[in-house]
Every structure is written in structure tokens, then in C-alpha cells.
$ cat start39.pdb   # PDB, C-alpha atoms, pLDDT in the B column
ATOM      1  CA  MET A 274     120.186  82.505 115.083  1.00 64.00           C
ATOM      2  CA  LYS A 275     117.882  84.771 113.088  1.00 77.00           C
ATOM      3  CA  ILE A 276     114.339  84.029 111.966  1.00 82.00           C
ATOM      4  CA  LEU A 277     112.990  85.259 108.630  1.00 79.00           C
ATOM      5  CA  TYR A 278     109.211  85.722 108.572  1.00 82.00           C
ATOM      6  CA  VAL A 279     107.655  86.178 105.130  1.00 79.00           C
ATOM      7  CA  GLU A 280     104.059  87.401 104.964  1.00 80.00           C
ATOM      8  CA  ASP A 281     102.521  89.429 102.163  1.00 77.00           C
ATOM      9  CA  GLU A 282      99.659  90.835 104.272  1.00 85.00           C
ATOM     10  CA  LEU A 283     101.357  92.034 107.445  1.00 87.00           C
ATOM     11  CA  SER A 284      98.619  94.409 108.571  1.00 86.00           C
ATOM     12  CA  ARG A 285      96.027  91.604 108.494  1.00 87.00           C
ATOM     13  CA  ASN A 286      98.231  89.212 110.424  1.00 91.00           C
ATOM     14  CA  ILE A 287      99.331  91.151 113.482  1.00 93.00           C
ATOM     15  CA  PRO A 288      97.685  88.609 115.872  1.00 94.00           C
ATOM     16  CA  GLY A 289      99.569  85.777 114.162  1.00 93.00           C
ATOM     17  CA  ILE A 290     102.846  87.675 114.352  1.00 93.00           C
ATOM     18  CA  ILE A 291     102.316  88.250 118.059  1.00 95.00           C
ATOM     19  CA  ARG A 292     101.415  84.598 118.612  1.00 95.00           C
ATOM     20  CA  LEU A 293     104.448  83.294 116.684  1.00 93.00           C
ATOM     21  CA  PHE A 294     107.057  85.636 118.139  1.00 94.00           C
ATOM     22  CA  GLU A 295     105.679  86.574 121.560  1.00 94.00           C
ATOM     23  CA  LYS A 296     108.746  85.397 123.451  1.00 93.00           C
ATOM     24  CA  TYR A 297     111.036  87.555 121.299  1.00 94.00           C
ATOM     25  CA  LEU A 298     108.844  90.672 121.170  1.00 95.00           C
ATOM     26  CA  GLY A 299     108.323  91.486 124.835  1.00 95.00           C
ATOM     27  CA  LYS A 300     105.433  93.433 126.327  1.00 96.00           C
ATOM     28  CA  LYS A 301     106.255  96.881 124.885  1.00 97.00           C
ATOM     29  CA  LYS A 302     106.525  95.711 121.285  1.00 97.00           C
ATOM     30  CA  ILE A 303     103.385  93.594 121.636  1.00 97.00           C
ATOM     31  CA  ARG A 304     101.523  96.636 122.967  1.00 96.00           C
ATOM     32  CA  ARG A 305     102.747  98.751 120.024  1.00 95.00           C
ATOM     33  CA  LEU A 306     101.634  96.086 117.538  1.00 95.00           C
ATOM     34  CA  LYS A 307      98.212  95.844 119.172  1.00 94.00           C
ATOM     35  CA  GLU A 308      97.864  99.617 119.018  1.00 93.00           C
ATOM     36  CA  LEU A 309      98.540  99.479 115.274  1.00 91.00           C
ATOM     37  CA  GLU A 310      95.993  96.697 114.874  1.00 90.00           C
ATOM     38  CA  GLU A 311      93.334  98.613 116.807  1.00 89.00           C
ATOM     39  CA  ASP A 312      93.955 101.955 115.075  1.00 83.00           C
ATOM     40  CA  GLU A 313      90.627 103.353 113.929  1.00 78.00           C
ATOM     41  CA  SER A 314      91.990 106.323 112.007  1.00 78.00           C
ATOM     42  CA  GLY A 315      90.999 104.678 108.749  1.00 70.00           C
ATOM     43  CA  TYR A 316      94.556 104.500 107.454  1.00 76.00           C
ATOM     44  CA  GLY A 317      95.481 101.112 108.901  1.00 74.00           C
ATOM     45  CA  ALA A 318      98.880  99.819 109.845  1.00 84.00           C
ATOM     46  CA  GLU A 319     101.638 100.243 107.304  1.00 89.00           C
ATOM     47  CA  PRO A 320     103.759  97.147 106.635  1.00 90.00           C
ATOM     48  CA  ASP A 321     106.953  99.112 107.283  1.00 92.00           C
ATOM     49  CA  GLU A 322     105.695 100.097 110.751  1.00 93.00           C
ATOM     50  CA  ILE A 323     105.022  96.467 111.638  1.00 93.00           C
ATOM     51  CA  LYS A 324     108.320  95.350 110.150  1.00 93.00           C
ATOM     52  CA  GLY A 325     110.201  98.007 112.117  1.00 95.00           C
ATOM     53  CA  ILE A 326     108.683  96.996 115.447  1.00 95.00           C
ATOM     54  CA  VAL A 327     109.313  93.279 114.950  1.00 95.00           C
ATOM     55  CA  GLU A 328     112.854  93.775 113.671  1.00 94.00           C
ATOM     56  CA  GLU A 329     113.766  95.723 116.820  1.00 95.00           C
ATOM     57  CA  THR A 330     114.150  92.263 118.380  1.00 94.00           C
ATOM     58  CA  ASN A 331     117.337  91.728 116.335  1.00 92.00           C
ATOM     59  CA  ILE A 332     116.206  88.097 116.071  1.00 92.00           C
ATOM     60  CA  VAL A 333     113.203  88.196 113.741  1.00 91.00           C
ATOM     61  CA  GLU A 334     113.502  89.693 110.269  1.00 88.00           C
ATOM     62  CA  VAL A 335     110.304  90.458 108.387  1.00 88.00           C
ATOM     63  CA  GLU A 336     109.748  90.667 104.658  1.00 85.00           C
ATOM     64  CA  TYR A 337     106.429  91.375 103.005  1.00 84.00           C
ATOM     65  CA  ARG A 338     107.756  91.323  99.459  1.00 80.00           C
ATOM     66  CA  PHE A 339     109.009  87.782  98.947  1.00 67.00           C
ATOM     67  CA  PRO A 340     110.903  88.459  95.697  1.00 67.00           C
ATOM     68  CA  ALA A 341     112.839  91.220  97.448  1.00 59.00           C
ATOM     69  CA  ARG A 342     113.949  88.788 100.119  1.00 58.00           C
ATOM     70  CA  ILE A 343     115.142  86.224  97.586  1.00 60.00           C
ATOM     71  CA  THR A 344     117.247  88.779  95.741  1.00 59.00           C
ATOM     72  CA  GLN A 345     118.898  89.767  99.011  1.00 54.00           C
ATOM     73  CA  SER A 346     119.846  86.076  99.455  1.00 47.00           C
ATOM     74  CA  GLY A 347     118.813  86.194 103.109  1.00 50.00           C
ATOM     75  CA  LEU A 348     117.978  82.500 103.100  1.00 49.00           C
ATOM     76  CA  SER A 349     121.564  81.510 102.380  1.00 48.00           C
ATOM     77  CA  SER A 350     122.938  82.887 105.649  1.00 52.00           C
ATOM     78  CA  GLY A 351     121.716  80.183 108.033  1.00 51.00           C
ATOM     79  CA  LYS A 352     118.413  81.786 108.963  1.00 52.00           C
ATOM     80  CA  VAL A 353     115.297  79.878 109.867  1.00 51.00           C
ATOM     81  CA  CYS A 354     112.346  80.822 107.667  1.00 51.00           C
ATOM     82  CA  ALA A 355     108.812  81.044 109.070  1.00 54.00           C
ATOM     83  CA  ALA A 356     106.204  81.658 106.402  1.00 51.00           C
ATOM     84  CA  ASP A 357     102.448  81.714 106.254  1.00 48.00           C
ATOM     85  CA  HIS A 358     101.374  78.686 104.222  1.00 44.00           C
ATOM     86  CA  ARG A 359      97.598  79.267 104.209  1.00 47.00           C
ATOM     87  CA  GLN A 360      96.031  78.578 100.883  1.00 43.00           C
ATOM     88  CA  LYS A 361      94.708  81.751  99.278  1.00 44.00           C
ATOM     89  CA  SER A 362      91.215  81.611  97.848  1.00 44.00           C
ATOM     90  CA  GLY A 363      90.198  83.098  94.553  1.00 44.00           C
TER
END

$ encode --input "start39.pdb" --output "C-alpha cells"
Amino acid sequence: MKILYVEDELSRNIPGIIRLFEKYLGKKKIRRLKELEEDESGYGAEPDEIKGIVEETNIVEVEYRFPARITQSGLSSGKVCAADHRQKSG
């Protein structure tokens, strides 16, 4: 089984990613994600960095551009989809 996680603001949601997928990530990947979250260089975490770390699990696939995921038809291959359903303000 694979899990597809769709989130358009990956760098803001590292704690949620860790909370959702802790059992798949393991301690090393969690530490790397936390290091990205705590980076004070001023550049912030890049979505591709976060995606790369999480996808090393070979269980969780991450997409931060929802239309790109639809065009790849990833949802038709028996994957479970976990998405952030918070209502956006504004």
C-alpha cells in the first residue's frame, strides 16, 4: 500500500507531516525534517527537500502541486490519499 499526501504548504506543515507519518518516517527522517523546520538561515525549507525526505519511506508519496498529481493519475493506482482539509481564510 502507498499513501499519497497532498499539501500545498509543505514547509509550514512539517509538524503535521511528522505527526501523521511518524511510524513510517523513523527517527533519522524525523530529525532531518525537524532540522529543516528549525533552520534559521532565512531561506526556509524547500518543498522538494521535504518531499524527498518523506518519499524515502517508499510508502508515503508527497505532492504539493495538486494539479500535477491529478495529471499523473496517481489516485487510480490503489493509493490511499491523505490531504489537509483545513479551510483557508481570506

$ closest_residue --input "start39.pdb" --among "A:Arg292, A:Arg338, A:Lys275, A:Lys307" --to "Ile323 (chain A)" --atoms "all atoms listed in the file"
A:Lys307

$ closest_residue --input "start39.pdb" --among "A:Lys296, A:Glu313, A:Pro288, A:Ala318" --to "Thr330 (chain A)" --atoms "all atoms listed in the file"
A:Lys296

$ residues_around --input "start39.pdb" --residues "Ile291 (chain A)" --least-positions-apart "2" --cutoff "10 Å" --atoms "only C-alpha atoms" --output "list in words"
Asn286, Ile287, Pro288, Gly289, Leu293, Phe294, Glu295, Lys296, Tyr297, Leu298, Gly299, Lys302, Ile303, Arg304, Leu306, Lys307 and Val327 of chain A

$ write_last_selection --input "start39.pdb" --atoms "C-alpha atoms" --output "PDB file, in the coordinates of the input"
ATOM      1  CA  ASN A 286      98.231  89.212 110.424  1.00 91.00           C
ATOM      2  CA  ILE A 287      99.331  91.151 113.482  1.00 93.00           C
ATOM      3  CA  PRO A 288      97.685  88.609 115.872  1.00 94.00           C
ATOM      4  CA  GLY A 289      99.569  85.777 114.162  1.00 93.00           C
ATOM      5  CA  LEU A 293     104.448  83.294 116.684  1.00 93.00           C
ATOM      6  CA  PHE A 294     107.057  85.636 118.139  1.00 94.00           C
ATOM      7  CA  GLU A 295     105.679  86.574 121.560  1.00 94.00           C
ATOM      8  CA  LYS A 296     108.746  85.397 123.451  1.00 93.00           C
ATOM      9  CA  TYR A 297     111.036  87.555 121.299  1.00 94.00           C
ATOM     10  CA  LEU A 298     108.844  90.672 121.170  1.00 95.00           C
ATOM     11  CA  GLY A 299     108.323  91.486 124.835  1.00 95.00           C
ATOM     12  CA  LYS A 302     106.525  95.711 121.285  1.00 97.00           C
ATOM     13  CA  ILE A 303     103.385  93.594 121.636  1.00 97.00           C
ATOM     14  CA  ARG A 304     101.523  96.636 122.967  1.00 96.00           C
ATOM     15  CA  LEU A 306     101.634  96.086 117.538  1.00 95.00           C
ATOM     16  CA  LYS A 307      98.212  95.844 119.172  1.00 94.00           C
ATOM     17  CA  VAL A 327     109.313  93.279 114.950  1.00 95.00           C
TER      18      VAL A 327
END

$ atom_distance --input "start39.pdb" --atom1 "CA of Arg285 (chain A)" --atom2 "CA of Glu328 (chain A)"
17.7 Å

$ residues_around --input "start39.pdb" --residues "Ser284 (chain A)" --least-positions-apart "6" --cutoff "10 Å" --atoms "all atoms listed in the file" --output "number ranges by chain"
A: 290, 306, 309-310, 317-324

$ write_last_selection --input "start39.pdb" --atoms "C-alpha atoms" --output "PDB file, in the coordinates of the input"
ATOM      1  CA  ILE A 290     102.846  87.675 114.352  1.00 93.00           C
ATOM      2  CA  LEU A 306     101.634  96.086 117.538  1.00 95.00           C
ATOM      3  CA  LEU A 309      98.540  99.479 115.274  1.00 91.00           C
ATOM      4  CA  GLU A 310      95.993  96.697 114.874  1.00 90.00           C
ATOM      5  CA  GLY A 317      95.481 101.112 108.901  1.00 74.00           C
ATOM      6  CA  ALA A 318      98.880  99.819 109.845  1.00 84.00           C
ATOM      7  CA  GLU A 319     101.638 100.243 107.304  1.00 89.00           C
ATOM      8  CA  PRO A 320     103.759  97.147 106.635  1.00 90.00           C
ATOM      9  CA  ASP A 321     106.953  99.112 107.283  1.00 92.00           C
ATOM     10  CA  GLU A 322     105.695 100.097 110.751  1.00 93.00           C
ATOM     11  CA  ILE A 323     105.022  96.467 111.638  1.00 93.00           C
ATOM     12  CA  LYS A 324     108.320  95.350 110.150  1.00 93.00           C
TER      13      LYS A 324
END

$ atom_distance --input "start39.pdb" --atom1 "CA of Tyr316 (chain A)" --atom2 "CA of Glu282 (chain A)"
14.9 Å

$ atom_distance --input "start39.pdb" --atom1 "CA of Tyr337 (chain A)" --atom2 "CA of Lys301 (chain A)"
22.6 Å
